[in-house]
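Visitor: Let me begin by handing over the structure; questions about it come next.
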Amino acid sequence: MLTDLQRRVIDLRDRQEQSWGQIAGHLGKDRAQMQRTYKAAKKKLAEKQASLDPGVHKVLGNLGLQDLAGQHSGWVHKEDPETGEWASVYYYLGKDGQPAEADLEAVMASAVEKVFRGDLATPARPQAAGDHLLVIDIADLHIGKLCVASETGFSYDRAEALRRGIEGCRALLQRAQAHGVAHILFVVGNDVIHIDKPNRTTTSGTPQDTDGTLHVMWDDALAFYVACVDMCRAVAPVSLLYCPSNHDWFAGFALARSLAAWYRDCPEVSATDYNTSPRHRKYYRFGGNLLGFTHADGAKEADLPALMLDEVADHLGAAQWRYWYLHHVHHKDRKRGGGSLRRLTEKDLIGMTALHVAPDPAGSRAPEIEYVRSPSPPDGWHDRNGYVNRQAVECYLHHPHDGQVGRFTEWF
């Protein structure tokens with residue numbers, strides 16, 4: 001295994017692209033020592049890769065990837081013609097086909113996800129335990145977004161987006177299970193893909209810094225969602241709900257419909273026409289909870305309470321607890337009350353989160369409005385303009401009679 005110093009040197013040299021002089025100054029070491037440390041670490045990683053050939057690399061070889069030189073990462077989808085088994089394998093090899101600071105064996109063990117089409121109808125999962133609805137909302141993942149460390153201080157590409165999305169979902173599930181989960185509402189969309197056109201722009205034509213083509217981003221996003229939904233359906237029945245968004249208006253819709261088709265024969269996963277439709281605002285009722293979802297690039301925030309009153313009036317009488325979950329801005333804003341009485345209760349500022357005491361005005365039944373954090377760091381444009389967010393994924397626990405009773409955050 002690499003030492004902490006070796007890992008830091010490799011990170012600074014390979015991922016942050018610093019010179020030997022910069023690395024030496026950053027770590028307070030001699031320049032020649034840093035070069036020796038880097039060389040020794042690379043040799044150790046090469047020996048590790050060779051030791052994995054009988055195992056990990058054999059798996060990739062059987063899937064048609066015998067020559068891995070120069071490859072960074074990717075997904076492989078392959079069907080075994082004899083058994084009909086489909087395998088979806090994610091691999092990460094680092095720069096020039098060599099493992100970087102991550103241990104390849106550990107990455108493969110945690111990231112390889114297999115989907116057995118013949119087993120969808122009878123999954124091996126425990127009986128759902130507890131009363132709560134768990135809302136998992138991996139918001140604004142931006143698969144295909146490119147952040148360069150030398151420009152922004154953050155490294156983010158397709159591989160990192162997938163790692164944060166999958167590992168974040170796993171962490172949220174583990175924490176929430178202890179509190180009893182009867183059903184999972186899994187929110188899809190919300191700029192899951194960074195672009196919507198082959199010329200690397202959003203739906204409206206805004207150019208973006210990207211890692212890969214639209215085609216590979218779409219494949220990555222589908223594989224990401226299948227991995228997450230499979231984790232969820234092993235805990236409790238799942239409902240999918242799609243939020244259209246401005247970066248991938250059409251690609252996101254196609255992805256939601258494809259995900260519904262993927263699980264069409266899976267009784268514990270529900271993806272209704274309404275839930276996967278292009279309708280911009282959607283609602284979900286759970287006991288005394290009425291939940292509204294929108295990406296937040298459309299209707300004004302101040303109009304959302306009135307829109308809920310108008311669009312789902314039939315559910316208001318039985319729904320004491322009312323909420324709007326919003327996205328798009330990549331940071332936490334939480335508000336309570338309606339109209340001129342709306343009060344800020346939580347807000348992410350640069351380097352900190354501010355909490356405010358703002359009780360709901362007496363007699364108000366206006367919905368609580370909450371913006372969900374994003375695991376995606378700022379790219380060049382956002383960094384230049386000072387839009388720096390606290391990166392995280394989040395989930396929420398709703399009791400059928402007591403409303404939102406818990407939340408969990410996984411930071412990056």
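The way I read the labels, and the way they are meant: chains A, B, ... in the order of the structure tokens, residue 1 as the first residue of every chain, and ligand 1 as the first ligand shown, with later ones counted on from there.
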Near stretch 237-243 of chain A, within 9 Å and counting only C-alpha atoms, which residues show up once chain neighbours fewer than 3 positions away are dropped, as a VMD selection string?
Guide: chain A and resid 128 182 to 191 229 232 to 234 252 to 253 256 259 to 260 267 to 272 274 to 282 284 293 to 295
Visitor: Could you save the residues just selected, with C-alpha atoms, as an mmCIF file, in the first residue's frame?
Guide:
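File selection06.cif, as written:
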data_model
loop_
_atom_site.group_PDB
_atom_site.id
_atom_site.type_symbol
_atom_site.label_atom_id
_atom_site.label_comp_id
_atom_site.auth_asym_id
_atom_site.auth_seq_id
_atom_site.Cartn_x
_atom_site.Cartn_y
_atom_site.Cartn_z
ATOM 1 C CA ALA A 128 -39.325 -3.455 4.467
ATOM 2 C CA ALA A 182 -41.232 1.355 4.528
ATOM 3 C CA HIS A 183 -40.825 2.906 1.071
ATOM 4 C CA ILE A 184 -38.187 4.802 -0.935
ATOM 5 C CA LEU A 185 -38.889 7.714 -3.257
ATOM 6 C CA PHE A 186 -35.877 7.950 -5.560
ATOM 7 C CA VAL A 187 -35.667 11.256 -7.445
ATOM 8 C CA VAL A 188 -34.029 11.176 -10.898
ATOM 9 C CA GLY A 189 -33.156 13.980 -13.299
ATOM 10 C CA ASN A 190 -32.075 17.404 -11.994
ATOM 11 C CA ASP A 191 -29.111 17.864 -14.340
ATOM 12 C CA VAL A 229 -32.008 1.669 -7.641
ATOM 13 C CA CYS A 232 -32.576 0.795 -2.858
ATOM 14 C CA ARG A 233 -34.842 -2.087 -3.886
ATOM 15 C CA ALA A 234 -32.808 -4.392 -1.668
ATOM 16 C CA GLY A 252 -32.910 13.452 -18.925
ATOM 17 C CA PHE A 253 -36.422 12.620 -20.114
ATOM 18 C CA ALA A 256 -36.130 8.499 -17.105
ATOM 19 C CA LEU A 259 -35.073 3.542 -16.529
ATOM 20 C CA ALA A 260 -38.815 2.838 -16.374
ATOM 21 C CA PRO A 267 -42.782 -5.317 -9.101
ATOM 22 C CA GLU A 268 -40.934 -3.574 -6.286
ATOM 23 C CA VAL A 269 -39.944 -0.627 -8.525
ATOM 24 C CA SER A 270 -42.689 1.746 -9.679
ATOM 25 C CA ALA A 271 -42.150 4.227 -12.534
ATOM 26 C CA THR A 272 -45.552 5.544 -13.602
ATOM 27 C CA TYR A 274 -46.914 10.653 -14.511
ATOM 28 C CA ASN A 275 -43.743 10.201 -12.440
ATOM 29 C CA THR A 276 -41.544 9.919 -15.555
ATOM 30 C CA SER A 277 -43.381 12.549 -17.622
ATOM 31 C CA PRO A 278 -41.885 15.886 -18.765
ATOM 32 C CA ARG A 279 -44.211 17.748 -16.388
ATOM 33 C CA HIS A 280 -41.995 20.286 -14.657
ATOM 34 C CA ARG A 281 -43.652 20.238 -11.213
ATOM 35 C CA LYS A 282 -44.613 16.915 -9.687
ATOM 36 C CA TYR A 284 -46.118 12.807 -4.228
ATOM 37 C CA PHE A 293 -40.649 18.558 -6.593
ATOM 38 C CA THR A 294 -39.231 20.879 -9.235
ATOM 39 C CA HIS A 295 -35.771 21.698 -10.560
#
Visitor: Need the shell around stretch 135-139 of chain A: protein/DNA/RNA residues with any atom at most 9 Å away, counting only C-alpha atoms. Skip same-chain ones fewer than 3 positions apart. Format as an MDAnalysis selection string?
Guide: chainID A and resid 142 165 168:169 172:173 183:192 327:328 330 372:376 392:398
Visitor: Using N, CA and C atoms, can you write the selected residues to a file as a PDB file, in the first residue's frame?
Guide:
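again_16.pdb, freshly written:
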ATOM      1  N   HIS A 142     -24.412  16.153 -12.540  1.00  0.00           N
ATOM      2  CA  HIS A 142     -23.669  16.685 -13.699  1.00  0.00           C
ATOM      3  C   HIS A 142     -22.607  15.703 -14.196  1.00  0.00           C
ATOM      4  N   GLY A 165     -21.789   9.746  -6.671  1.00  0.00           N
ATOM      5  CA  GLY A 165     -23.199   9.376  -6.725  1.00  0.00           C
ATOM      6  C   GLY A 165     -23.473   8.020  -6.120  1.00  0.00           C
ATOM      7  N   GLY A 168     -22.267   7.870  -2.370  1.00  0.00           N
ATOM      8  CA  GLY A 168     -23.160   8.714  -1.586  1.00  0.00           C
ATOM      9  C   GLY A 168     -24.491   8.049  -1.332  1.00  0.00           C
ATOM     10  N   CYS A 169     -25.051   7.427  -2.356  1.00  0.00           N
ATOM     11  CA  CYS A 169     -26.321   6.708  -2.193  1.00  0.00           C
ATOM     12  C   CYS A 169     -26.175   5.563  -1.199  1.00  0.00           C
ATOM     13  N   LEU A 172     -26.062   6.990   2.395  1.00  0.00           N
ATOM     14  CA  LEU A 172     -27.367   7.469   2.851  1.00  0.00           C
ATOM     15  C   LEU A 172     -28.274   6.300   3.224  1.00  0.00           C
ATOM     16  N   LEU A 173     -28.269   5.262   2.419  1.00  0.00           N
ATOM     17  CA  LEU A 173     -29.096   4.090   2.715  1.00  0.00           C
ATOM     18  C   LEU A 173     -28.698   3.454   4.044  1.00  0.00           C
ATOM     19  N   HIS A 183     -40.791   2.655   2.510  1.00  0.00           N
ATOM     20  CA  HIS A 183     -40.825   2.906   1.071  1.00  0.00           C
ATOM     21  C   HIS A 183     -39.753   3.936   0.737  1.00  0.00           C
ATOM     22  N   ILE A 184     -39.223   3.872  -0.493  1.00  0.00           N
ATOM     23  CA  ILE A 184     -38.187   4.802  -0.935  1.00  0.00           C
ATOM     24  C   ILE A 184     -38.697   5.550  -2.164  1.00  0.00           C
ATOM     25  N   LEU A 185     -38.621   6.872  -2.097  1.00  0.00           N
ATOM     26  CA  LEU A 185     -38.889   7.714  -3.257  1.00  0.00           C
ATOM     27  C   LEU A 185     -37.538   8.162  -3.790  1.00  0.00           C
ATOM     28  N   PHE A 186     -37.179   7.660  -4.975  1.00  0.00           N
ATOM     29  CA  PHE A 186     -35.877   7.950  -5.560  1.00  0.00           C
ATOM     30  C   PHE A 186     -36.066   8.968  -6.675  1.00  0.00           C
ATOM     31  N   VAL A 187     -35.486  10.153  -6.500  1.00  0.00           N
ATOM     32  CA  VAL A 187     -35.667  11.256  -7.445  1.00  0.00           C
ATOM     33  C   VAL A 187     -34.578  11.189  -8.517  1.00  0.00           C
ATOM     34  N   VAL A 188     -34.975  11.194  -9.783  1.00  0.00           N
ATOM     35  CA  VAL A 188     -34.029  11.176 -10.898  1.00  0.00           C
ATOM     36  C   VAL A 188     -34.143  12.487 -11.670  1.00  0.00           C
ATOM     37  N   GLY A 189     -33.171  12.732 -12.533  1.00  0.00           N
ATOM     38  CA  GLY A 189     -33.156  13.980 -13.299  1.00  0.00           C
ATOM     39  C   GLY A 189     -32.322  15.032 -12.605  1.00  0.00           C
ATOM     40  N   ASN A 190     -32.783  16.296 -12.648  1.00  0.00           N
ATOM     41  CA  ASN A 190     -32.075  17.404 -11.994  1.00  0.00           C
ATOM     42  C   ASN A 190     -30.624  17.518 -12.462  1.00  0.00           C
ATOM     43  N   ASP A 191     -30.446  17.687 -13.763  1.00  0.00           N
ATOM     44  CA  ASP A 191     -29.111  17.864 -14.340  1.00  0.00           C
ATOM     45  C   ASP A 191     -28.195  16.686 -14.020  1.00  0.00           C
ATOM     46  N   VAL A 192     -28.703  15.483 -14.191  1.00  0.00           N
ATOM     47  CA  VAL A 192     -27.847  14.322 -13.972  1.00  0.00           C
ATOM     48  C   VAL A 192     -26.799  14.235 -15.084  1.00  0.00           C
ATOM     49  N   HIS A 327     -33.944  22.310  -6.501  1.00  0.00           N
ATOM     50  CA  HIS A 327     -32.579  21.949  -6.893  1.00  0.00           C
ATOM     51  C   HIS A 327     -31.925  23.140  -7.600  1.00  0.00           C
ATOM     52  N   HIS A 328     -31.034  22.901  -8.545  1.00  0.00           N
ATOM     53  CA  HIS A 328     -30.546  23.911  -9.487  1.00  0.00           C
ATOM     54  C   HIS A 328     -29.468  24.834  -8.937  1.00  0.00           C
ATOM     55  N   HIS A 330     -27.402  24.355  -6.258  1.00  0.00           N
ATOM     56  CA  HIS A 330     -26.263  23.585  -5.739  1.00  0.00           C
ATOM     57  C   HIS A 330     -25.943  23.852  -4.271  1.00  0.00           C
ATOM     58  N   VAL A 372     -31.920  21.329  -2.359  1.00  0.00           N
ATOM     59  CA  VAL A 372     -31.082  20.171  -2.050  1.00  0.00           C
ATOM     60  C   VAL A 372     -29.654  20.426  -2.522  1.00  0.00           C
ATOM     61  N   ARG A 373     -28.686  20.071  -1.692  1.00  0.00           N
ATOM     62  CA  ARG A 373     -27.282  20.258  -2.042  1.00  0.00           C
ATOM     63  C   ARG A 373     -26.865  19.359  -3.213  1.00  0.00           C
ATOM     64  N   SER A 374     -25.774  19.738  -3.870  1.00  0.00           N
ATOM     65  CA  SER A 374     -25.223  18.993  -5.007  1.00  0.00           C
ATOM     66  C   SER A 374     -23.842  18.444  -4.660  1.00  0.00           C
ATOM     67  N   PRO A 375     -23.498  17.237  -5.149  1.00  0.00           N
ATOM     68  CA  PRO A 375     -22.138  16.716  -4.959  1.00  0.00           C
ATOM     69  C   PRO A 375     -21.144  17.275  -5.974  1.00  0.00           C
ATOM     70  N   SER A 376     -21.619  18.103  -6.916  1.00  0.00           N
ATOM     71  CA  SER A 376     -20.785  18.610  -7.995  1.00  0.00           C
ATOM     72  C   SER A 376     -20.079  19.898  -7.589  1.00  0.00           C
ATOM     73  N   ALA A 392     -22.334  17.813  -1.405  1.00  0.00           N
ATOM     74  CA  ALA A 392     -22.923  16.742  -0.591  1.00  0.00           C
ATOM     75  C   ALA A 392     -24.094  16.115  -1.329  1.00  0.00           C
ATOM     76  N   VAL A 393     -24.492  14.926  -0.874  1.00  0.00           N
ATOM     77  CA  VAL A 393     -25.767  14.326  -1.263  1.00  0.00           C
ATOM     78  C   VAL A 393     -26.614  14.212  -0.004  1.00  0.00           C
ATOM     79  N   GLU A 394     -27.958  14.211  -0.187  1.00  0.00           N
ATOM     80  CA  GLU A 394     -28.850  14.267   0.962  1.00  0.00           C
ATOM     81  C   GLU A 394     -30.051  13.346   0.789  1.00  0.00           C
ATOM     82  N   CYS A 395     -30.613  12.943   1.917  1.00  0.00           N
ATOM     83  CA  CYS A 395     -31.869  12.194   1.920  1.00  0.00           C
ATOM     84  C   CYS A 395     -32.719  12.675   3.096  1.00  0.00           C
ATOM     85  N   TYR A 396     -34.015  12.348   3.059  1.00  0.00           N
ATOM     86  CA  TYR A 396     -34.970  12.864   4.048  1.00  0.00           C
ATOM     87  C   TYR A 396     -35.920  11.748   4.474  1.00  0.00           C
ATOM     88  N   LEU A 397     -36.210  11.698   5.766  1.00  0.00           N
ATOM     89  CA  LEU A 397     -37.140  10.715   6.321  1.00  0.00           C
ATOM     90  C   LEU A 397     -38.467  11.400   6.649  1.00  0.00           C
ATOM     91  N   HIS A 398     -39.563  10.831   6.139  1.00  0.00           N
ATOM     92  CA  HIS A 398     -40.889  11.373   6.419  1.00  0.00           C
ATOM     93  C   HIS A 398     -41.730  10.307   7.130  1.00  0.00           C
TER      94      HIS A 398
END
Visitor: Atom CA of A:Ala366 and atom CA of A:His315, how far apart in Å?
Guide: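 Here the two named atoms are 14.0 Å from each other.
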Visitor: How would you write, as a VMD selection string, the set of residues in stretch 225-304 of chain A that DSSP gives as strand (DSSP E)?
Guide: chain A and resid 238 to 243 269 to 270 282 to 286 289 to 293
